[in-house]
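Novice: Please find one structure pasted underneath; my questions will follow.
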Amino acid sequence: MELSDLYSDKILDLAGNARQPPRLAAPDASARKTSRVCGSTIEVDLVVRDGVIVDYGHEISACALGQTSAAVVAREIVGTPVDEFRTVRGQMHAMLKAGGEPPAGKWSDLKYLEPVRDYTARHMSTLLVFDAVEAALEKIESAESVTARS
């Protein structure tokens with residue numbers, strides 16, 4: 001497969017027609033991730049209530065692969081339990097790095113990124129949104145831990 005084959009019509013459609021959720025005015029946490037390989041960046045904002053992601057915003061500058069991941073996340077994340085999101089994140093890492101199956105259900109459009117597994121230089125940009133959301137979740141959990149001890 002040629003590198004240009006990664007950019008299928010479906011990938012370009014998902015990336016090009018993505019809803020761009022605005023940054024949140026009052027997030028519980030924000031996190032920024034940058035790919036050292038290609039320079040793609042994403043900053044995400046989250047609001048979590050009772051273990052469910054109830055609001056999400058982002059700002060992204062990435063290739064079509066990173067934009068596709070972010071588009072699916074933006075479309076599906078609100079209303080997702082934190083544990084479910086972490087499962088999807090793990091599935092994406094396994095799909096790209098260990099030959100695992102792509103996520104299913106409402107996350108099934110992530111299967112179009114499966115060919116990225118053969119291009120390790122593209123893994124980081126494809127996973128950027130998942131790692132940024134995880135970093136924001138960790139900040140929220142850390143703040144909750146500190147509050148609980150006070």
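As shown in the structure tokens, the chain order sets the letters A, B, ...; within each chain, residues go from 1, and ligands are also counted from 1 in the order they appear.
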Tell me, as a ChimeraX atom specification, which residues lie within 10 Å of segment 83-94 of chain A, counting only C-alpha atoms; anything in the same chain fewer than 4 positions away does not count.
Specialist: /A:51-53,69,73,76-77,98-104,107,110-111,113-114,117,123-124,126-127,129-131,133-134,137
Novice: At a cut-off of 9 Å, using only C-alpha atoms, what residues contact Gly16 of chain A? Leave out same-chain residues fewer than 4 positions from it and give the result as a PyMOL selection string.
Specialist: chain A and resi 11-12+64+67-68
Novice: In segment 5-145 of chain A, what's alpha helix (DSSP H) per DSSP? Answer as number ranges by chain?
Specialist: A: 9-16, 64-76, 82-98, 123-145
Novice: How far is it from atom CA of Ala143 of chain A to atom CA of Lys33 of chain A, in Å with one decimal?
Specialist: 19.7 Å
Novice: Work out how far atom CA of Arg122 of chain A is from atom CA of Asp45 of chain A, in Å to one decimal.
Specialist: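 Separation of atom CA of Asp45 of chain A and atom CA of Arg122 of chain A: 23.7 Å.
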Novice: Output as a list in words all residues of chain A that backbone DSSP marks as strand (DSSP E).
Specialist: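 Here are the strand (DSSP E) residues of chain A: Ala29, Ser30, Ala31, Arg32, Lys33, Thr34, Thr41, Ile42, Glu43, Val44, Asp45, Leu46, Val47, Val48, Arg49, Val52, Ile53, Val54, Asp55, Tyr56, Gly57, His58, Glu59, Ile60, Ser61, Thr80 and Pro81 of chain A.
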Novice: Based on the selection just made, write N, CA, C and O atoms of those residues as an mmCIF file, in the first residue's frame.
Specialist:
```cif
data_model
loop_
_atom_site.group_PDB
_atom_site.id
_atom_site.type_symbol
_atom_site.label_atom_id
_atom_site.label_comp_id
_atom_site.auth_asym_id
_atom_site.auth_seq_id
_atom_site.Cartn_x
_atom_site.Cartn_y
_atom_site.Cartn_z
ATOM 1 N N ALA A 29 -11.446 20.489 32.546
ATOM 2 C CA ALA A 29 -10.014 20.368 32.254
ATOM 3 C C ALA A 29 -9.794 20.519 30.759
ATOM 4 O O ALA A 29 -10.691 20.245 29.953
ATOM 5 N N SER A 30 -8.589 20.931 30.423
ATOM 6 C CA SER A 30 -8.139 21.015 29.039
ATOM 7 C C SER A 30 -6.794 20.319 28.952
ATOM 8 O O SER A 30 -6.065 20.233 29.946
ATOM 9 N N ALA A 31 -6.467 19.844 27.754
ATOM 10 C CA ALA A 31 -5.155 19.233 27.540
ATOM 11 C C ALA A 31 -4.750 19.451 26.091
ATOM 12 O O ALA A 31 -5.593 19.449 25.197
ATOM 13 N N ARG A 32 -3.464 19.638 25.905
ATOM 14 C CA ARG A 32 -2.905 19.851 24.569
ATOM 15 C C ARG A 32 -1.894 18.753 24.288
ATOM 16 O O ARG A 32 -1.059 18.431 25.137
ATOM 17 N N LYS A 33 -1.969 18.196 23.093
ATOM 18 C CA LYS A 33 -0.998 17.193 22.657
ATOM 19 C C LYS A 33 -0.475 17.597 21.282
ATOM 20 O O LYS A 33 -1.214 18.117 20.444
ATOM 21 N N THR A 34 0.811 17.321 21.068
ATOM 22 C CA THR A 34 1.469 17.622 19.803
ATOM 23 C C THR A 34 2.248 16.401 19.352
ATOM 24 O O THR A 34 2.930 15.762 20.156
ATOM 25 N N THR A 41 -1.300 19.169 16.129
ATOM 26 C CA THR A 41 -1.635 19.543 17.499
ATOM 27 C C THR A 41 -3.139 19.494 17.698
ATOM 28 O O THR A 41 -3.923 19.694 16.762
ATOM 29 N N ILE A 42 -3.522 19.223 18.933
ATOM 30 C CA ILE A 42 -4.922 19.302 19.324
ATOM 31 C C ILE A 42 -4.973 19.761 20.769
ATOM 32 O O ILE A 42 -4.119 19.388 21.583
ATOM 33 N N GLU A 43 -5.942 20.603 21.048
ATOM 34 C CA GLU A 43 -6.231 20.981 22.423
ATOM 35 C C GLU A 43 -7.695 20.657 22.650
ATOM 36 O O GLU A 43 -8.553 21.042 21.851
ATOM 37 N N VAL A 44 -7.974 19.908 23.708
ATOM 38 C CA VAL A 44 -9.338 19.488 24.006
ATOM 39 C C VAL A 44 -9.800 20.072 25.329
ATOM 40 O O VAL A 44 -8.991 20.346 26.213
ATOM 41 N N ASP A 45 -11.105 20.270 25.430
ATOM 42 C CA ASP A 45 -11.758 20.711 26.662
ATOM 43 C C ASP A 45 -12.817 19.679 27.004
ATOM 44 O O ASP A 45 -13.534 19.206 26.113
ATOM 45 N N LEU A 46 -12.946 19.357 28.299
ATOM 46 C CA LEU A 46 -13.926 18.369 28.750
ATOM 47 C C LEU A 46 -14.705 18.864 29.947
ATOM 48 O O LEU A 46 -14.169 19.571 30.805
ATOM 49 N N VAL A 47 -15.954 18.419 30.002
ATOM 50 C CA VAL A 47 -16.769 18.519 31.203
ATOM 51 C C VAL A 47 -17.270 17.105 31.481
ATOM 52 O O VAL A 47 -17.810 16.447 30.587
ATOM 53 N N VAL A 48 -17.052 16.637 32.709
ATOM 54 C CA VAL A 48 -17.464 15.291 33.116
ATOM 55 C C VAL A 48 -18.361 15.406 34.340
ATOM 56 O O VAL A 48 -18.042 16.116 35.289
ATOM 57 N N ARG A 49 -19.488 14.704 34.300
ATOM 58 C CA ARG A 49 -20.401 14.638 35.441
ATOM 59 C C ARG A 49 -20.760 13.183 35.699
ATOM 60 O O ARG A 49 -21.194 12.476 34.787
ATOM 61 N N VAL A 52 -19.534 10.542 33.264
ATOM 62 C CA VAL A 52 -19.958 10.638 31.860
ATOM 63 C C VAL A 52 -19.442 11.950 31.285
ATOM 64 O O VAL A 52 -19.532 13.008 31.927
ATOM 65 N N ILE A 53 -18.905 11.899 30.086
ATOM 66 C CA ILE A 53 -18.433 13.101 29.393
ATOM 67 C C ILE A 53 -19.668 13.822 28.858
ATOM 68 O O ILE A 53 -20.384 13.278 28.013
ATOM 69 N N VAL A 54 -19.942 15.018 29.391
ATOM 70 C CA VAL A 54 -21.182 15.729 29.046
ATOM 71 C C VAL A 54 -20.959 16.933 28.127
ATOM 72 O O VAL A 54 -21.920 17.470 27.582
ATOM 73 N N ASP A 55 -19.701 17.356 27.957
ATOM 74 C CA ASP A 55 -19.425 18.424 27.010
ATOM 75 C C ASP A 55 -17.984 18.291 26.542
ATOM 76 O O ASP A 55 -17.112 17.793 27.276
ATOM 77 N N TYR A 56 -17.751 18.733 25.313
ATOM 78 C CA TYR A 56 -16.457 18.553 24.668
ATOM 79 C C TYR A 56 -16.246 19.670 23.657
ATOM 80 O O TYR A 56 -17.181 20.067 22.956
ATOM 81 N N GLY A 57 -15.040 20.149 23.588
ATOM 82 C CA GLY A 57 -14.647 21.092 22.551
ATOM 83 C C GLY A 57 -13.207 20.833 22.177
ATOM 84 O O GLY A 57 -12.460 20.206 22.939
ATOM 85 N N HIS A 58 -12.825 21.275 20.985
ATOM 86 C CA HIS A 58 -11.421 21.119 20.607
ATOM 87 C C HIS A 58 -11.001 22.170 19.589
ATOM 88 O O HIS A 58 -11.834 22.806 18.956
ATOM 89 N N GLU A 59 -9.696 22.292 19.464
ATOM 90 C CA GLU A 59 -9.069 23.072 18.407
ATOM 91 C C GLU A 59 -7.973 22.180 17.861
ATOM 92 O O GLU A 59 -7.156 21.659 18.619
ATOM 93 N N ILE A 60 -7.980 21.987 16.546
ATOM 94 C CA ILE A 60 -7.057 21.022 15.949
ATOM 95 C C ILE A 60 -6.369 21.605 14.728
ATOM 96 O O ILE A 60 -6.958 22.370 13.972
ATOM 97 N N SER A 61 -5.120 21.211 14.592
ATOM 98 C CA SER A 61 -4.337 21.479 13.390
ATOM 99 C C SER A 61 -3.610 20.171 13.097
ATOM 100 O O SER A 61 -2.625 19.840 13.768
ATOM 101 N N THR A 80 -20.779 9.796 26.508
ATOM 102 C CA THR A 80 -20.001 8.565 26.656
ATOM 103 C C THR A 80 -19.451 8.454 28.077
ATOM 104 O O THR A 80 -18.811 9.386 28.564
ATOM 105 N N PRO A 81 -19.668 7.322 28.722
ATOM 106 C CA PRO A 81 -19.029 7.108 30.024
ATOM 107 C C PRO A 81 -17.502 7.115 29.877
ATOM 108 O O PRO A 81 -16.961 6.655 28.865
#
```
Novice: Counting only C-alpha atoms, figure out which residue out of A:Cys63, A:Val72, A:Ala136, A:Asn17 gets nearest to Ser108 of chain A.
Specialist: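 Closest residue, counting only C-alpha atoms: A:Val72.
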Novice: My list of candidates is A:Val116, A:Met95, A:Leu24, A:Val78. Which is closest to Tyr7 of chain A when distances are computed with only C-alpha atoms?
Specialist: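 Ranking A:Val116, A:Met95, A:Leu24, A:Val78 by distance to Tyr7 of chain A, first place goes to A:Val116.
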Novice: For Ser40 of chain A, which of A:Ala132, A:Arg19, A:Gly79, A:Ser125 is the closest residue, counting only C-alpha atoms?
Specialist: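 When distances to Ser40 of chain A are compared using only C-alpha atoms, the smallest one comes from A:Ser125.
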Novice: Calculated over only C-alpha atoms, which of the candidates A:Lys139, A:Lys10, A:Lys97, A:Lys106 has the smallest distance to Pro27 of chain A?
Specialist: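 Among A:Lys139, A:Lys10, A:Lys97, A:Lys106, it is A:Lys139 that comes nearest to Pro27 of chain A.
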Novice: Considering only C-alpha atoms, can you say which of A:Cys38, A:Ala15, A:Ala135, A:Ala121 comes closest to Leu65 of chain A?
Specialist: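 Using only C-alpha atoms, the shortest distance to Leu65 of chain A belongs to A:Ala15.
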